[in-house]
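Okay, structure first, notes after.
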Amino acid sequence: RGMLERWMQLGRKTPIHRSAHARGIMRFALLVMLGSLGLAGCDVAHDDGGGETTADAGAPSLVWVLVHPSDAPLGPGLYLFDEDRQVVVRRLPVPDISSPHALAWDGESLWLGGADLDDPAVVQIDPLDGRELSRWPGVWTEGIAFDGTDFWYGPMEPQDRLIRRVDHSGSVLASFTLADGDVVQDMVSANGALYYLVNDDEDRIVRVDTESGSTVEVARGVHQAPYSLGFDGTYLAVAVDGRILRFDTDSGALVRDDPFAVLGWITAIAFVR
(Lines give C-alpha, C1' and ligand atoms only; values in the text may rest on other atoms or scores of the structure.)
Protein backbone atom coordinates (compact mmCIF):
# COMPACT_ATOMS: atom_id res chain seq x y z
CA ARG A 1 0.00 0.00 0.00
CA GLY A 2 2.79 2.43 0.89
CA MET A 3 4.54 1.91 -2.44
CA LEU A 4 1.28 2.40 -4.35
CA GLU A 5 0.63 5.67 -2.49
CA ARG A 6 4.14 6.87 -3.42
CA TRP A 7 3.46 6.11 -7.12
CA MET A 8 0.15 7.96 -6.88
CA GLN A 9 1.84 10.99 -5.32
CA LEU A 10 4.52 11.00 -8.00
CA GLY A 11 1.88 10.87 -10.68
CA ARG A 12 0.01 13.83 -9.19
CA LYS A 13 2.89 16.12 -8.26
CA THR A 14 3.41 17.13 -11.87
CA PRO A 15 0.44 18.75 -13.69
CA ILE A 16 -0.95 15.79 -15.58
CA HIS A 17 -1.53 17.70 -18.81
CA ARG A 18 2.16 18.61 -18.99
CA SER A 19 3.81 15.28 -18.26
CA ALA A 20 3.53 12.06 -20.26
CA HIS A 21 5.80 10.49 -17.63
CA ALA A 22 3.25 11.34 -14.93
CA ARG A 23 0.47 9.83 -17.00
CA GLY A 24 2.52 6.65 -17.34
CA ILE A 25 3.04 6.53 -13.58
CA MET A 26 -0.69 6.92 -13.02
CA ARG A 27 -1.49 4.12 -15.49
CA PHE A 28 1.05 1.85 -13.77
CA ALA A 29 -0.40 2.72 -10.36
CA LEU A 30 -3.87 1.89 -11.65
CA LEU A 31 -2.69 -1.52 -12.87
CA VAL A 32 -0.90 -2.20 -9.58
CA MET A 33 -4.01 -1.22 -7.65
CA LEU A 34 -6.16 -3.62 -9.67
CA GLY A 35 -3.72 -6.44 -9.09
CA SER A 36 -3.40 -5.72 -5.36
CA LEU A 37 -7.19 -5.83 -4.96
CA GLY A 38 -7.48 -9.09 -6.88
CA LEU A 39 -9.31 -7.31 -9.69
CA ALA A 40 -6.78 -7.73 -12.47
CA GLY A 41 -8.67 -10.78 -13.73
CA CYS A 42 -12.12 -10.18 -12.28
CA ASP A 43 -14.91 -10.99 -14.73
CA VAL A 44 -17.95 -9.01 -13.62
CA ALA A 45 -20.95 -11.31 -13.77
CA HIS A 46 -23.33 -9.70 -11.31
CA ASP A 47 -24.67 -6.28 -10.41
CA ASP A 48 -22.45 -6.09 -7.34
CA GLY A 49 -19.26 -6.51 -9.43
CA GLY A 50 -18.43 -9.96 -8.08
CA GLY A 51 -16.73 -12.59 -10.22
CA GLU A 52 -13.92 -15.04 -10.60
CA THR A 53 -10.27 -14.15 -10.34
CA THR A 54 -8.07 -15.51 -13.10
CA ALA A 55 -4.33 -15.64 -13.58
CA ASP A 56 -2.68 -12.36 -14.45
CA ALA A 57 -1.60 -12.39 -18.09
CA GLY A 58 0.50 -9.24 -17.89
CA ALA A 59 -0.34 -5.60 -18.51
CA PRO A 60 -3.74 -5.52 -20.22
CA SER A 61 -5.07 -3.32 -23.00
CA LEU A 62 -7.45 -1.21 -20.94
CA VAL A 63 -10.42 0.85 -22.00
CA TRP A 64 -13.01 2.63 -19.90
CA VAL A 65 -16.55 1.91 -21.08
CA LEU A 66 -19.62 3.98 -20.19
CA VAL A 67 -22.80 1.88 -20.01
CA HIS A 68 -26.05 3.86 -20.03
CA PRO A 69 -28.67 3.17 -17.31
CA SER A 70 -31.44 2.55 -19.85
CA ASP A 71 -29.83 -0.68 -21.11
CA ALA A 72 -27.41 -2.16 -18.60
CA PRO A 73 -27.74 -5.92 -17.97
CA LEU A 74 -24.92 -5.82 -15.40
CA GLY A 75 -25.88 -2.39 -14.09
CA PRO A 76 -24.98 1.06 -15.34
CA GLY A 77 -21.47 2.20 -14.69
CA LEU A 78 -17.96 2.96 -15.78
CA TYR A 79 -16.38 -0.37 -16.68
CA LEU A 80 -12.62 -0.78 -16.93
CA PHE A 81 -12.31 -3.47 -19.58
CA ASP A 82 -9.30 -5.61 -20.46
CA GLU A 83 -9.77 -5.99 -24.20
CA ASP A 84 -7.04 -8.61 -24.61
CA ARG A 85 -8.69 -11.04 -22.20
CA GLN A 86 -12.27 -9.83 -22.71
CA VAL A 87 -12.92 -9.34 -19.01
CA VAL A 88 -14.11 -6.45 -16.88
CA VAL A 89 -11.55 -5.69 -14.20
CA ARG A 90 -13.39 -2.92 -12.38
CA ARG A 91 -16.74 -1.16 -12.28
CA LEU A 92 -17.42 2.28 -10.85
CA PRO A 93 -20.90 3.71 -10.29
CA VAL A 94 -22.13 6.46 -12.59
CA PRO A 95 -22.50 9.78 -10.75
CA ASP A 96 -25.93 11.34 -10.53
CA ILE A 97 -26.31 12.19 -14.22
CA SER A 98 -29.65 11.03 -15.62
CA SER A 99 -28.35 10.34 -19.14
CA PRO A 100 -24.53 9.88 -19.22
CA HIS A 101 -23.05 10.06 -22.71
CA ALA A 102 -19.59 11.68 -22.70
CA LEU A 103 -16.34 10.26 -21.35
CA ALA A 104 -12.66 11.21 -21.50
CA TRP A 105 -9.49 10.00 -19.77
CA ASP A 106 -6.69 12.51 -19.19
CA GLY A 107 -4.12 10.10 -17.75
CA GLU A 108 -5.20 10.77 -14.18
CA SER A 109 -8.97 11.20 -14.00
CA LEU A 110 -12.15 10.29 -15.82
CA TRP A 111 -14.35 13.12 -17.08
CA LEU A 112 -18.04 12.29 -17.47
CA GLY A 113 -20.76 14.36 -19.10
CA GLY A 114 -24.26 13.96 -20.44
CA ALA A 115 -27.79 15.30 -20.32
CA ASP A 116 -29.21 16.20 -16.94
CA LEU A 117 -32.14 18.62 -16.94
CA ASP A 118 -31.81 19.47 -13.25
CA ASP A 119 -28.07 19.82 -12.81
CA PRO A 120 -26.06 19.60 -16.07
CA ALA A 121 -22.32 19.22 -15.53
CA VAL A 122 -19.13 17.49 -16.57
CA VAL A 123 -17.81 15.59 -13.55
CA GLN A 124 -14.18 14.71 -12.81
CA ILE A 125 -13.98 11.22 -11.27
CA ASP A 126 -11.22 9.45 -9.38
CA PRO A 127 -10.59 6.17 -11.30
CA LEU A 128 -9.58 4.31 -8.13
CA ASP A 129 -12.71 4.79 -6.04
CA GLY A 130 -15.24 6.71 -8.16
CA ARG A 131 -15.19 9.86 -6.01
CA GLU A 132 -16.21 13.14 -7.59
CA LEU A 133 -13.18 15.43 -7.63
CA SER A 134 -14.58 18.50 -9.38
CA ARG A 135 -17.23 19.55 -11.88
CA TRP A 136 -17.93 22.02 -14.66
CA PRO A 137 -21.47 23.16 -13.89
CA GLY A 138 -23.95 24.03 -16.60
CA VAL A 139 -22.38 21.89 -19.35
CA TRP A 140 -24.52 19.57 -21.50
CA THR A 141 -22.58 17.36 -23.88
CA GLU A 142 -22.56 13.95 -25.52
CA GLY A 143 -18.91 14.13 -26.55
CA ILE A 144 -15.74 15.13 -24.71
CA ALA A 145 -12.10 14.61 -25.72
CA PHE A 146 -8.69 15.23 -24.15
CA ASP A 147 -5.93 16.35 -26.53
CA GLY A 148 -2.99 15.91 -24.15
CA THR A 149 -3.30 19.43 -22.76
CA ASP A 150 -6.91 20.62 -22.85
CA PHE A 151 -10.41 19.28 -23.42
CA TRP A 152 -12.90 19.69 -26.25
CA TYR A 153 -16.61 19.14 -25.96
CA GLY A 154 -19.51 19.31 -28.36
CA PRO A 155 -22.95 20.89 -27.97
CA MET A 156 -26.27 19.18 -27.30
CA GLU A 157 -28.78 21.97 -27.76
CA PRO A 158 -29.78 22.67 -31.41
CA GLN A 159 -29.27 26.43 -31.02
CA ASP A 160 -25.72 25.91 -29.71
CA ARG A 161 -23.40 25.10 -32.63
CA LEU A 162 -20.06 25.59 -30.86
CA ILE A 163 -17.36 23.02 -30.15
CA ARG A 164 -15.42 24.41 -27.21
CA ARG A 165 -11.84 23.99 -26.05
CA VAL A 166 -11.55 24.25 -22.26
CA ASP A 167 -8.91 23.83 -19.58
CA HIS A 168 -9.11 21.51 -16.55
CA SER A 169 -11.30 24.01 -14.71
CA GLY A 170 -13.81 24.13 -17.56
CA SER A 171 -12.87 27.68 -18.58
CA VAL A 172 -13.38 28.24 -22.31
CA LEU A 173 -10.14 28.89 -24.21
CA ALA A 174 -11.41 28.78 -27.80
CA SER A 175 -14.31 27.56 -29.91
CA PHE A 176 -15.41 26.99 -33.48
CA THR A 177 -18.79 26.49 -35.14
CA LEU A 178 -19.99 22.98 -35.84
CA ALA A 179 -20.89 22.08 -39.42
CA ASP A 180 -24.59 22.57 -40.23
CA GLY A 181 -26.69 19.52 -39.51
CA ASP A 182 -24.05 17.66 -37.52
CA VAL A 183 -24.94 16.45 -34.02
CA VAL A 184 -21.92 15.27 -32.04
CA GLN A 185 -22.55 11.82 -30.58
CA ASP A 186 -19.02 11.32 -29.29
CA MET A 187 -15.60 12.90 -29.76
CA VAL A 188 -11.92 11.95 -29.52
CA SER A 189 -8.50 13.49 -30.13
CA ALA A 190 -6.13 11.46 -32.32
CA ASN A 191 -2.79 12.31 -33.93
CA GLY A 192 -3.20 16.02 -33.31
CA ALA A 193 -6.68 16.21 -34.86
CA LEU A 194 -10.19 16.13 -33.43
CA TYR A 195 -12.71 13.54 -34.61
CA TYR A 196 -16.41 13.38 -33.88
CA LEU A 197 -19.10 10.79 -34.49
CA VAL A 198 -22.45 11.66 -36.08
CA ASN A 199 -25.35 9.25 -35.53
CA ASP A 200 -27.71 10.05 -38.40
CA ASP A 201 -28.88 8.44 -41.64
CA GLU A 202 -25.26 8.26 -42.81
CA ASP A 203 -23.50 7.44 -39.49
CA ARG A 204 -20.26 9.32 -40.09
CA ILE A 205 -16.88 9.98 -38.51
CA VAL A 206 -15.68 13.53 -39.19
CA ARG A 207 -12.17 14.96 -38.76
CA VAL A 208 -11.82 18.59 -37.66
CA ASP A 209 -8.94 21.00 -38.13
CA THR A 210 -9.06 22.70 -34.73
CA GLU A 211 -7.27 25.79 -36.02
CA SER A 212 -9.65 26.59 -38.88
CA GLY A 213 -12.71 24.57 -37.90
CA SER A 214 -12.81 22.96 -41.36
CA THR A 215 -14.11 19.40 -41.50
CA VAL A 216 -13.49 16.30 -43.62
CA GLU A 217 -15.69 13.22 -43.61
CA VAL A 218 -13.45 10.24 -42.86
CA ALA A 219 -15.89 7.33 -42.73
CA ARG A 220 -19.53 6.72 -43.55
CA GLY A 221 -21.89 3.90 -42.57
CA VAL A 222 -19.79 2.87 -39.58
CA HIS A 223 -22.81 1.18 -37.94
CA GLN A 224 -26.58 1.62 -37.91
CA ALA A 225 -26.57 3.00 -34.35
CA PRO A 226 -23.09 4.23 -33.31
CA TYR A 227 -22.72 6.18 -30.07
CA SER A 228 -19.11 5.71 -28.91
CA LEU A 229 -15.85 6.85 -30.47
CA GLY A 230 -12.37 6.24 -29.08
CA PHE A 231 -8.72 6.14 -30.15
CA ASP A 232 -6.48 3.23 -29.13
CA GLY A 233 -3.24 4.93 -30.15
CA THR A 234 -3.39 3.58 -33.70
CA TYR A 235 -7.00 3.36 -34.86
CA LEU A 236 -10.33 5.05 -34.24
CA ALA A 237 -12.72 2.68 -32.49
CA VAL A 238 -16.50 2.32 -32.23
CA ALA A 239 -17.88 -0.11 -29.63
CA VAL A 240 -21.43 -1.33 -30.29
CA ASP A 241 -23.53 -4.52 -30.09
CA GLY A 242 -20.80 -6.71 -28.60
CA ARG A 243 -18.20 -5.68 -31.19
CA ILE A 244 -15.48 -3.07 -31.45
CA LEU A 245 -14.86 -1.72 -34.94
CA ARG A 246 -11.56 -0.05 -35.79
CA PHE A 247 -11.06 2.49 -38.56
CA ASP A 248 -7.98 4.03 -40.15
CA THR A 249 -7.61 7.65 -39.05
CA ASP A 250 -6.77 8.87 -42.56
CA SER A 251 -8.75 6.75 -45.00
CA GLY A 252 -11.59 5.76 -42.69
CA ALA A 253 -11.29 2.16 -43.87
CA LEU A 254 -12.56 -0.54 -41.51
CA VAL A 255 -9.42 -2.43 -40.52
CA ARG A 256 -10.60 -4.63 -37.64
CA ASP A 257 -13.83 -6.07 -36.22
CA ASP A 258 -13.30 -7.72 -32.83
CA PRO A 259 -15.47 -9.02 -29.97
CA PHE A 260 -16.18 -6.62 -27.11
CA ALA A 261 -17.71 -8.36 -24.11
CA VAL A 262 -19.33 -5.42 -22.36
CA LEU A 263 -23.11 -5.69 -22.32
CA GLY A 264 -25.63 -2.91 -22.74
CA TRP A 265 -25.86 0.46 -24.42
CA ILE A 266 -22.31 1.82 -24.67
CA THR A 267 -22.45 5.58 -25.01
CA ALA A 268 -18.72 6.34 -24.73
CA ILE A 269 -15.29 4.71 -24.51
CA ALA A 270 -11.89 6.06 -23.42
CA PHE A 271 -8.68 4.07 -23.85
CA VAL A 272 -6.08 4.09 -21.07
CA ARG A 273 -2.90 5.19 -22.86
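FYI, nothing fancy with the C-alpha coordinates labels: chains A, B, ... in order, residues from 1 per chain, ligands from 1 as they appear.
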
Considering only C-alpha atoms, give me a table of residues in region 201-248 of chain A that are at most 12 Å from region 154-167 of chain A, with the closest atom pair and distance in Å for each, as a Markdown table.
```
| residue | atom | partner | partner_atom | distance |
| --- | --- | --- | --- | --- |
| A:Val208 | CA | A:Ile163 | CA | 10.3 |
| A:Asp209 | CA | A:Ile163 | CA | 11.8 |
| A:Thr210 | CA | A:Arg165 | CA | 9.2 |
| A:Glu211 | CA | A:Arg165 | CA | 11.1 |
| A:Gly213 | CA | A:Ile163 | CA | 9.2 |
```

Looking only at the backbone, which of the residues in region 29-242 of chain A does DSSP tag as strand (DSSP E), as a PyMOL selection string?
chain A and resi 62-67+77-82+87-92+99-105+110-115+121-125+132-137+144-146+151-153+162-166+172-177+184-190+193-198+204-208+215-220+230-231+236-240

Test item: residues at most 6 Å from region 237-246 of chain A, only C-alpha atoms, excluding those fewer than 2 positions along its chain, as a PyMOL selection string:
chain A and resi 228-231+235+254-261

For Ala104 (chain A), the nearest of the candidates A:Thr141, A:Ser70, A:Asn199, A:Gln86, counting only C-alpha atoms:
A:Thr141

Got a sec: who's within 8 Å of Arg91 (chain A), counting only C-alpha atoms, leaving out chain neighbours fewer than 2 positions off, as JSON, numbers by chain?
{"A": [49, 77, 78, 79, 80, 88, 89, 93]}

Writing out the chosen residues with N, CA, C and O atoms as a PDB file, in the first residue's frame:
```pdb
ATOM      1  N   GLY A  49     -20.645  -6.538  -8.973  1.00  0.00           N
ATOM      2  CA  GLY A  49     -19.258  -6.507  -9.435  1.00  0.00           C
ATOM      3  C   GLY A  49     -18.473  -7.732  -9.041  1.00  0.00           C
ATOM      4  O   GLY A  49     -17.271  -7.784  -9.239  1.00  0.00           O
ATOM      5  N   GLY A  77     -22.731   1.902 -15.355  1.00  0.00           N
ATOM      6  CA  GLY A  77     -21.471   2.201 -14.690  1.00  0.00           C
ATOM      7  C   GLY A  77     -20.361   2.523 -15.654  1.00  0.00           C
ATOM      8  O   GLY A  77     -20.533   2.553 -16.874  1.00  0.00           O
ATOM      9  N   LEU A  78     -19.212   2.766 -15.059  1.00  0.00           N
ATOM     10  CA  LEU A  78     -17.962   2.961 -15.783  1.00  0.00           C
ATOM     11  C   LEU A  78     -17.167   1.672 -15.621  1.00  0.00           C
ATOM     12  O   LEU A  78     -16.693   1.345 -14.529  1.00  0.00           O
ATOM     13  N   TYR A  79     -17.043   0.925 -16.699  1.00  0.00           N
ATOM     14  CA  TYR A  79     -16.384  -0.373 -16.677  1.00  0.00           C
ATOM     15  C   TYR A  79     -14.968  -0.231 -17.217  1.00  0.00           C
ATOM     16  O   TYR A  79     -14.768   0.268 -18.323  1.00  0.00           O
ATOM     17  N   LEU A  80     -13.994  -0.691 -16.433  1.00  0.00           N
ATOM     18  CA  LEU A  80     -12.617  -0.779 -16.925  1.00  0.00           C
ATOM     19  C   LEU A  80     -12.453  -2.170 -17.517  1.00  0.00           C
ATOM     20  O   LEU A  80     -12.517  -3.185 -16.807  1.00  0.00           O
ATOM     21  N   VAL A  88     -13.995  -7.704 -17.621  1.00  0.00           N
ATOM     22  CA  VAL A  88     -14.113  -6.455 -16.875  1.00  0.00           C
ATOM     23  C   VAL A  88     -13.275  -6.582 -15.615  1.00  0.00           C
ATOM     24  O   VAL A  88     -13.415  -7.555 -14.868  1.00  0.00           O
ATOM     25  N   VAL A  89     -12.401  -5.616 -15.371  1.00  0.00           N
ATOM     26  CA  VAL A  89     -11.546  -5.685 -14.199  1.00  0.00           C
ATOM     27  C   VAL A  89     -11.990  -4.740 -13.088  1.00  0.00           C
ATOM     28  O   VAL A  89     -11.523  -4.855 -11.962  1.00  0.00           O
ATOM     29  N   PRO A  93     -19.541   3.216 -10.080  1.00  0.00           N
ATOM     30  CA  PRO A  93     -20.898   3.710 -10.294  1.00  0.00           C
ATOM     31  C   PRO A  93     -20.887   4.990 -11.126  1.00  0.00           C
ATOM     32  O   PRO A  93     -19.916   5.744 -11.121  1.00  0.00           O
TER      33      PRO A  93
END
```

Nearest-residue call for Ala145 (chain A), choices A:Gly192, A:Pro226, A:Pro76, A:Pro95, using only C-alpha atoms:
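The closest residue to Ala145 (chain A) is A:Gly192.
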
Nearest to Met187 (chain A) by atom-to-atom distance, counting only C-alpha atoms, from A:Pro127, A:Pro120, A:Gly264, A:Gly113
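Using only C-alpha atoms, Met187 (chain A) sits closest to A:Gly113.
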
So which residues touch Ala72 (chain A) within 10 Å, counting only C-alpha atoms, skipping near sequence neighbours fewer than 4 positions away, as a ChimeraX atom specification?
/A:47,67-68,76-77,262-266

Between A:Gly233, A:Gly252, A:Val183, A:Phe176, which has the minimum distance to Val216 (chain A) (counting only C-alpha atoms)?
A:Gly252
